[in-house]
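Participant: Before I ask anything, here is the structure I am working with.
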There are 2 protein chains.
Amino acid sequence: MALEQSLAALSLATVSSENAIPTKTLVFKPKTAKTATPVPVVVFALQSTQTPSPVIAKAAGVKEPRLARDDLVQEFFTTSTKEVSLANLHKDLAGKIKILIDENISKADENTVLELSTESSKASLSARNVNAYLESTGIEVIPVDFTVEATVPTPAPVDKSKKLALKKEKDAAKLEDAKLVGITVDKTKDFSSWYSQIVVKSELLDYYDVSGCYILRPNSYAVWEEIQDWFNARIKKMGVKNCYFPMFVSSRVLEKEKDHIEGFAPEVAWVTRAGSSDLEEPVAIRPTSETVMYPYYAKWIRSHRDLPLKLHQWNSVVRWEFKHPQPFLRTREFLWQEGHTVHLTREAAEEEVSQILDLYAGIYEELLAVPVVKGKKTENEKFAGGDYTTTVEGFIAATGRGIQGATSHHLGTNFSKMFDISVENPEGSDKPRILTHQNSWGLSTRVIGVMVMTHSDNKGLVLPPRVAQNQVVVVPVGITAKTTDAERKEINDGAAEIEKRLKDAEVRAFGDYRANYTPGWKYAEWELKGVPLRIEFGPKDLQNGQAVAVRRDDNSKYTVKLSELETRIPEILQEMQVGLLEKARKDFDSHRVVVDEWKDFVPTLNAKNVILSPWCGDGDCEDDIKDSSAKKDDGEDEEVDEKAPSMGAKSLCIPFEQPTLKSGQKCVKCDRAAQVYCMFGRSY
Amino acid sequence: MALEQSLAALSLATVSSENAIPTKTLVFKPKTAKTATPVPVVVFALQSTQTPSPVIAKAAGVKEPRLARDDLVQEFFTTSTKEVSLANLHKDLAGKIKILIDENISKADENTVLELSTESSKASLSARNVNAYLESTGIEVIPVDFTVEATVPTPAPVDKSKKLALKKEKDAAKLEDAKLVGITVDKTKDFSSWYSQIVVKSELLDYYDVSGCYILRPNSYAVWEEIQDWFNARIKKMGVKNCYFPMFVSSRVLEKEKDHIEGFAPEVAWVTRAGSSDLEEPVAIRPTSETVMYPYYAKWIRSHRDLPLKLHQWNSVVRWEFKHPQPFLRTREFLWQEGHTVHLTREAAEEEVSQILDLYAGIYEELLAVPVVKGKKTENEKFAGGDYTTTVEGFIAATGRGIQGATSHHLGTNFSKMFDISVENPEGSDKPRILTHQNSWGLSTRVIGVMVMTHSDNKGLVLPPRVAQNQVVVVPVGITAKTTDAERKEINDGAAEIEKRLKDAEVRAFGDYRANYTPGWKYAEWELKGVPLRIEFGPKDLQNGQAVAVRRDDNSKYTVKLSELETRIPEILQEMQVGLLEKARKDFDSHRVVVDEWKDFVPTLNAKNVILSPWCGDGDCEDDIKDSSAKKDDGEDEEVDEKAPSMGAKSLCIPFEQPTLKSGQKCVKCDRAAQVYCMFGRSY
């Protein structure tokens with residue numbers, strides 16, 4: 001059905017035919033320089049035609065084509081690998097993709113009818129129409145005789161078996177009872193596809209026309225607004241003031257602090273043209289604002305009376321990463337907050353660093369119900385140009401990987417030296433001026449990704465009540481063909497009354513009174529979209545003066561007296577909020593394992609844990625741990641992303657809360673004495 | 001004093017000398033293509049040396065150098081024309097400016113001592129030090145023998161007299177009793193310099209390293225936050241939801257709606273490079289988001305049940321204008337809100353257009369105390385690609401110019417046709433799909449500029465209490481050398497108690513207890529920064545259980561019993577809020593003049609009015625009115641900005657509230673019958 005409609009939208013008439021020949025549509029990603037946008041190759045062939053990679057490579061003039069992952073297919077065709085078909089090939093893709101067409105199709109006679117199929121639906125249409133349509137799109141279509149396979153070297157059989165194994169794995173991840181509108185893959189078996197589906201289908205975000213950028217839809221932006229309100233209230237009490245600095249930076253200013261810019265330079269986006277005129281001097285889009293703001297701090301701060309200066313902004317920054325983008329976690333433009341403060345003394349600055357870190361932990365734990373470990377980054381991992389970096393580190397149980405949550409940096413006097421942010425010496429203007437002590441701290445929309453990965457499940461999104469745009473959906477139930485109009489009205493009115501009372505009690509409630517959907521359909525929809533609590537109200541409830549509340553996270557049911565609605569519902573929401581955090585904390589705690597001996601390190605890591613190990617504190621040893629814990633290339637068919645699980649364990653932080661270090665304890669990796677316990681893990 | 005300190009900061013030691021030779025520092029702006037960043041020419045010469053423009057032009061290799069305006073000087077030297085000196089020439093300006101140095105200075109002997117002076121201060125230093133310093137900056141320094149004047153044609157004497165006249169005018173604008181930290185020019189005599197000073201000295205914003213961009217400091221950003229809170233609360237009640245779309249747009253998408261993009265194309269900023277790699281396809285930074293959002297609307301809206309869709313975002317947009325930038329009013333990046341909504345019926349869409357316009361009027365009148373006239377734009381002036389545009393129009397009494405406040409557009413089905421934002425026909429899927437009806441509406445930080453221009457005065461900023469970051473400053477007064485420690489403590493404690501009580505009553509109050517400043521100094525500082533109400537508390541007040549409140553706008557004084565603090569202070573703030581609006585409304589009302597005959601049109605316009613005239617409704621006639629009301633070039637010496645007062649009267653809007661049109665009334669300009677009264681004016 002779905003496919004037929006999509007084809008109809010392209011004015012492609014389907015036909016009924018018992019002789020339709022099955023076809024397949026496959027998308028391949030060639031090996032591409034990291035800096036280049038890939039040009040996917042779509043293979044449209046008879047089901048029975050074998051389409052080996054080397055033939056595809058030769059015909060399309062590309063290197064090492066591999067079956068594309070869901071992300072890429074989503075990006076280009078706005079659908080999943082399993083649902084891609086002719087219906088997704090339209091003229092907007094001209095110049096962006098290539099199509100290899102089986103000569104059995106391109107040269108098919110007038111009467112040939114083809115059967116198009118996706119995992120969920122089928123449709124038949126004439127080969128003539130297909131060929132005419134493809135031509136009309138303007139996409140480069142290359143006819144291929146796949147039977148010439150013999151002329152290129154046959155790939156080693158091991159490749160084929162691996163591909164098969166991978167396919168089996170993917171198939172196994174398919175959810176048994178999945179409905180198409182819902183999530184169709186299992187979180188525990190194919191986390192990456194599951195995540196791609198969750199964020200889109202729950203309407204948190206949508207993929208966007210510019211690669212690496214995503215649309216934050218109201219369901220996720222509302223989470224961000226909750227965070228903004230909570231954080232704003234607290235930092236304003238600390239005397240922090242909001243402001244807005246321009247997004248553009250001149251190259252001169254950007255490059256002033258060498259150490260600092262080194263880390264960002266390859267990712268800086270440059271505006272070089274306005275209208276049709278080239279700018280005399282290109283301007284950068286801020287990747288962060290230290291060098292944007294500090295020249296003005298130098299100008300504004302004249303005396304110790306101007307201190308502390310605590311400015312803060314909510315804005316977006318751009319880091320044009322060429323790595324594989326990932327919704328919320330790695331995006332080219334992202335929203336964040338950045339605080340930049342200046343203090344007279346190091347003590348005052350350091351106190352603030354930890355106050356802010358506590359607020360970051362609060363955002364994760366109190367709002368998003370995500371547990372974090374507070375600690376300090378190693379010298380290797382700290383913010384370039386700063387004195388030290390504190391961090392809250394999270395954990396994604398499903399993949400066993402750590403994830404940096406947010407960082408609060410003490411910059412020392414490094415930047416104030418560079419930018420001359422100094423005040424007059426109280427001992428006299430002939431004495432050297434006193435350099436100020438600075439901090440910077442930031443938290444981004446990445447937090448939403450961590451929240452999604454932590455709580456959500458195979459039914460869809462799970463949102464902690466405190467950040468949910470809609471906390472409660474009220475659904476009238478038990479209305480059947482036999483229900484009288486009067487009864488129906490009573491039930492609907494009762495549900496509407498519940499909605500109204502909850503709203504008056506400042507619960508974010510709404511009712512779903514659509515007559516043409518069954519309660520079951522509604523349950524599935526709001527479960528997918530992550531509404532924390534469902535309230536069912538039917539004839540029995542009407543009779544008993546009650547309603548039934550069902551929690552999204554664990555399906556637990558509560559019978560609530562209508563007289564207690566305003567107190568019980570907020571209580572249940574609060575119980576859910578606490579329950580989510582407790583569950584996630586248990587997961588994190590049980591997967592944060594103390595490992596004293598190197599022999600246990602990699603096995604523990606491979607069992608999806610992060611590790612607390614005694615460590616000597618040496619940067620080279622840290623690198624050695626990373627290298628030695630990397631999986632060797634296992635010949636996986638898909639392109640391996642730099643951040644994929646094959647990588648080694650990074651130091652995540654030196655947790656403030658330390659296991660007791662035994663006297664004489666050696667470093668987990670080298671022969672030196674251990675200085676601290678450090679948390680290591682594969683990470684995002 | 002100030003100059004000496006600035007020089008000291010550059011390690012330039014001043015000397016005392018009675019034989020110091022007076023010098024002058026002048027900044028010239030050469031004629032530059034609109035698309036290019038100007039390279040100012042600084043002339044540093046003996047006071048006695050004549051420095052004619054043609055000599056400067058020849059020596060610096062530039063065209064038509066003219067004395068630079070305050071804006072340009074501010075931009076490059078972060079000070080005013082009158083305060084610029086050697087102390088503002090530093091190495092960051094290398095490559096950005098040129099210096100012409102009088103050979104009398106560059107070739108001066110070892111014993112020569114120069115006197116540097118600005119309007120406010122003087123300092124002397126050795127010519128040797130000056131020359132060495134200038135060399136050290138790396139700025140291009142060109143020695144010039146200004147006595148060669150004879151070799152270039154002498155400018156016509158008429159120019160000189162005009163320059164003199166202009167100088168006289170500028171001098172006359174100087175405030176008699178101005179303190180240097182405060183505003184030094186008269187709002188009524190040199191509005192443009194006054195505005196430049198107000199926005200910077202009151203710490204609303206600061207000039208920025210990238211031309212046309214400004215830093216919004218907490219004093220202005222707080223106004224924006226008040227507007228955000230107020231507007232968010234109201235649009236959310238209307239069912240509008242916040243979201244965030246990426247700042248980047250692909251060229252394909254940007255250019256989809258031709259009519260629409262035509263207006264923006266010359267101002268679009270393009271990112272063409274990331275790190276050191278050129279992008280395969282440049283991406284634009286959004287100038288507005290219609291074409292960014294609507295392709296996704298087409299995807300999301302499948303059925304009439306998905307309607308209305310009401311999305312909204314707070315973001316920044318970039319329009320790389322090459323016209324003269326102006327703080328808040330014309331900036332290359334600016335903050336705004338943009339709402340984009342989709343409706344099933346035209347009626348629903350139109351109703352929203354006017355609801356939003358009412359909210360815009362509310363922001364101006366209720367929050368910013370700025371009166372506006374609501375109306376509809378003419379066809380010539382409406383939003384390109386839309387059906388019609390409604391607007392709130394403001395008025396700057398000091399210049400007699402109108403200013404567009406914010407616009408709410410009904411787009412009709414123009415965009416939904418282009419992007420296929422349609423829903424299934426309820427009469428059957430074989431019937432044509434129904435196109436949706438769309439609106440877009442936006443208001444920007446320009447509102448802050450309008451507010452500043454309307455209320456502020458020669459003492460500095462005047463902020464309406466509702467949007468002031470700080471509403472009340474408490475100042476202890478009457479402390480003299482004779483005051484005992486006990487009395488001093490009682491006064492300070494009393495003031496602190498007032499501060500605390502006001503804060504508890506949710507008045508945004510703070511106290512200024514600095515011991516080393518006089519009350520007078522404090523008054524001036526907080527008047528400059530626009531704090532609406534000052535509370536003075538001294539010995540007499542202590543005795544009488546009272547405090548004295550002084551309004552920022554009209555200096556009116558209130559004696560307030562301490563027992564009534566929590567009720568009286570909010571009342572006084574509210575009176576001030578109302579008073580500001582009333583005063584501004586009187587100004588607008590008395591300068592909105594009905595003119596039926598063309599002969600009165602230009603004289604009325606020149607008397608700093610906007611005009612209501614009967615109009616035929618024809619676009620060509622509208623153009624004719626504009627052309628015929630433009631001042632002819634009066635040979636002013638400074639470069640004339642396209643938007644400067646010499647321009648003609650544009651149609652501002654067709655006000656909803658119309659004077660009665662007499663039967664048989666003709667158009668003010670042509671012979672056709674008048675259709676409506678239209679508001680015309682010179683405008684920003």
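As shown in the structure tokens, the chain order sets the letters A, B, ...; within each chain, residues go from 1, and ligands are also counted from 1 in the order they appear.
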Please extract the residues of region 302-384 of chain B with a backbone DSSP assignment of strand (DSSP E) and present them as a list in words.

Facilitator: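 For region 302-384 of chain B, the strand (DSSP E) set is Leu309, Lys310, Leu311, His312, Gln313, Trp314, Asn315, Ser316, Val317, Val318, Glu333, Phe334, Leu335, Trp336, Gln337, Glu338, Gly339, His340, Thr341, Val342, His343, Val373, Lys374, Gly375 and Lys376 of chain B.
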
Participant: Determine, using only C-alpha atoms, which residues of chain B have any atom at most 8 Å from an atom of chain A, and tabulate each with its shortest atom pair and distance in Å to one decimal place, rows ordered by chain and then rising number, as CSV.

Facilitator:
residue,atom,partner,partner_atom,distance
B:Thr35,CA,A:Ser277,CA,7.1
B:Ala36,CA,A:Glu280,CA,6.8
B:Thr37,CA,A:Glu280,CA,7.3
B:Asp209,CA,A:Ser250,CA,7.0
B:Val210,CA,A:Ser250,CA,6.4
B:Cys213,CA,A:Pro246,CA,6.2
B:Tyr214,CA,A:Pro246,CA,6.5
B:Ile215,CA,A:Phe245,CA,4.8
B:Leu216,CA,A:Tyr244,CA,5.0
B:Arg217,CA,A:Cys243,CA,5.1
B:Pro218,CA,A:Cys243,CA,4.9
B:Ser220,CA,A:Cys243,CA,7.9
B:Tyr221,CA,A:Cys243,CA,5.3
B:Ala222,CA,A:Asn242,CA,7.2
B:Lys241,CA,A:Pro218,CA,6.0
B:Asn242,CA,A:Pro218,CA,5.6
B:Cys243,CA,A:Pro218,CA,4.9
B:Tyr244,CA,A:Leu216,CA,5.0
B:Phe245,CA,A:Ile215,CA,4.8
B:Pro246,CA,A:Cys213,CA,6.2
B:Met247,CA,A:Glu333,CA,7.8
B:Phe248,CA,A:Val210,CA,7.0
B:Val249,CA,A:Val210,CA,6.8
B:Ser250,CA,A:Val210,CA,6.4
B:Ala265,CA,A:Gly275,CA,5.7
B:Pro266,CA,A:Gly275,CA,3.9
B:Glu267,CA,A:Gly275,CA,5.0
B:Val268,CA,A:Gly275,CA,5.0
B:Ala269,CA,A:Ala274,CA,4.3
B:Trp270,CA,A:Arg273,CA,5.2
B:Val271,CA,A:Val271,CA,4.2
B:Thr272,CA,A:Val271,CA,6.3
B:Arg273,CA,A:Trp270,CA,5.2
B:Ala274,CA,A:Ala269,CA,4.3
B:Gly275,CA,A:Pro266,CA,3.9
B:Ser276,CA,A:Pro266,CA,6.6
B:Ser277,CA,A:Thr35,CA,7.1
B:Leu279,CA,A:Ala36,CA,7.7
B:Glu280,CA,A:Ala36,CA,7.1
B:Val283,CA,A:Val210,CA,7.9
B:Leu311,CA,A:Pro218,CA,8.0
B:Trp320,CA,A:Ala274,CA,6.2
B:Glu333,CA,A:Pro246,CA,7.0

Participant: Excluding same-chain residues fewer than 4 positions from region 525-530 of chain A, what lies within 9 Å of it counting only C-alpha atoms, as JSON, numbers by chain?

Facilitator: {"A": [181, 182, 183, 198, 201, 202, 203, 204, 219, 456, 458, 459, 460, 461, 462, 463, 464, 468, 470, 471, 473, 520, 521, 534, 552, 553]}

Participant: Those residues you just picked out, can you put them in a file as a PDB file, in the first residue's frame with C-alpha atoms?

Facilitator:
ATOM      1  CA  VAL A 181       5.090   3.113  12.025  1.00  0.00           C
ATOM      2  CA  GLY A 182       6.847   2.021  15.186  1.00  0.00           C
ATOM      3  CA  ILE A 183      10.384   0.886  15.904  1.00  0.00           C
ATOM      4  CA  ILE A 198      13.923   6.406  17.585  1.00  0.00           C
ATOM      5  CA  LYS A 201       9.951   8.313  14.554  1.00  0.00           C
ATOM      6  CA  SER A 202       9.411   9.886  17.963  1.00  0.00           C
ATOM      7  CA  GLU A 203       9.640  13.255  16.201  1.00  0.00           C
ATOM      8  CA  LEU A 204      12.571  14.474  18.236  1.00  0.00           C
ATOM      9  CA  ASN A 219       9.508  17.232  21.097  1.00  0.00           C
ATOM     10  CA  SER A 456      14.222   4.546  25.399  1.00  0.00           C
ATOM     11  CA  ASN A 458      11.796  -0.993  21.502  1.00  0.00           C
ATOM     12  CA  LYS A 459       8.408   0.679  21.790  1.00  0.00           C
ATOM     13  CA  GLY A 460       9.959   4.075  21.248  1.00  0.00           C
ATOM     14  CA  LEU A 461      11.007   7.097  23.196  1.00  0.00           C
ATOM     15  CA  VAL A 462      10.949   7.255  26.988  1.00  0.00           C
ATOM     16  CA  LEU A 463      10.989  10.808  28.308  1.00  0.00           C
ATOM     17  CA  PRO A 464      11.588  11.683  31.953  1.00  0.00           C
ATOM     18  CA  ALA A 468       8.551  15.986  28.652  1.00  0.00           C
ATOM     19  CA  ASN A 470       3.525  16.427  27.237  1.00  0.00           C
ATOM     20  CA  GLN A 471       3.530  14.558  30.522  1.00  0.00           C
ATOM     21  CA  VAL A 473      -2.141  11.722  27.606  1.00  0.00           C
ATOM     22  CA  GLY A 520      -4.526   0.476  21.052  1.00  0.00           C
ATOM     23  CA  TRP A 521      -3.392   2.590  18.128  1.00  0.00           C
ATOM     24  CA  ARG A 534      -1.170   7.449  29.934  1.00  0.00           C
ATOM     25  CA  ARG A 552       5.544   4.537  29.908  1.00  0.00           C
ATOM     26  CA  ASP A 553       8.806   3.124  31.243  1.00  0.00           C
TER      27      ASP A 553
END

Participant: Hey, what does DSSP flag as alpha helix (DSSP H) within region 58-305 of chain B? Can you give it to me as an MDAnalysis selection string?

Facilitator: chainID B and resid 58:60 70:77 103:106 127:137 157:173 191:201 218:237 251:254 258:262 290:300

Participant: Extract, using only C-alpha atoms, all DNA, RNA and protein residues at most 10 Å from region 408-418 of chain A, discarding same-chain residues fewer than 2 positions from it, and format them as a ChimeraX atom specification.

Facilitator: /A:256-258,260,290-291,294-295,297-298,338-343,345-346,349-358,360,376-377,382-392,406,420-422,434-443

Participant: So that I can see what lies close to Asn606 (chain A), please list as a VMD selection string the residues with an atom at most 12 Å from it, counting only C-alpha atoms and leaving out residues fewer than 6 positions away in the same chain.

Facilitator: chain A and resid 399 to 401 591 600 629 to 631 645 to 649 681 to 682

Participant: Would you mind exporting the chosen residues as a compact mmCIF listing (two decimals), in the first residue's frame, restricted to C-alpha atoms?

Facilitator:
# COMPACT_ATOMS: atom_id res chain seq x y z
CA THR A 399 26.88 -0.23 23.82
CA GLY A 400 29.03 -0.21 26.93
CA ARG A 401 30.55 3.07 25.87
CA HIS A 591 29.18 -1.63 34.43
CA ASP A 600 41.49 -8.32 32.75
CA SER A 629 42.88 -2.07 23.94
CA ALA A 630 41.82 -1.43 20.35
CA LYS A 631 40.21 -4.37 18.59
CA PRO A 645 33.64 0.11 18.96
CA SER A 646 36.83 -1.19 17.39
CA MET A 647 38.62 1.73 18.96
CA GLY A 648 40.60 1.50 22.15
CA ALA A 649 39.76 2.72 25.59
CA GLY A 681 36.33 3.24 28.30
CA ARG A 682 35.42 3.14 24.68

Participant: Report, in Å with one decimal, the straight-line distance from CA of Leu542 (chain B) to CA of Asp485 (chain B).

Facilitator: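 Between these atoms lies a distance of 14.8 Å.
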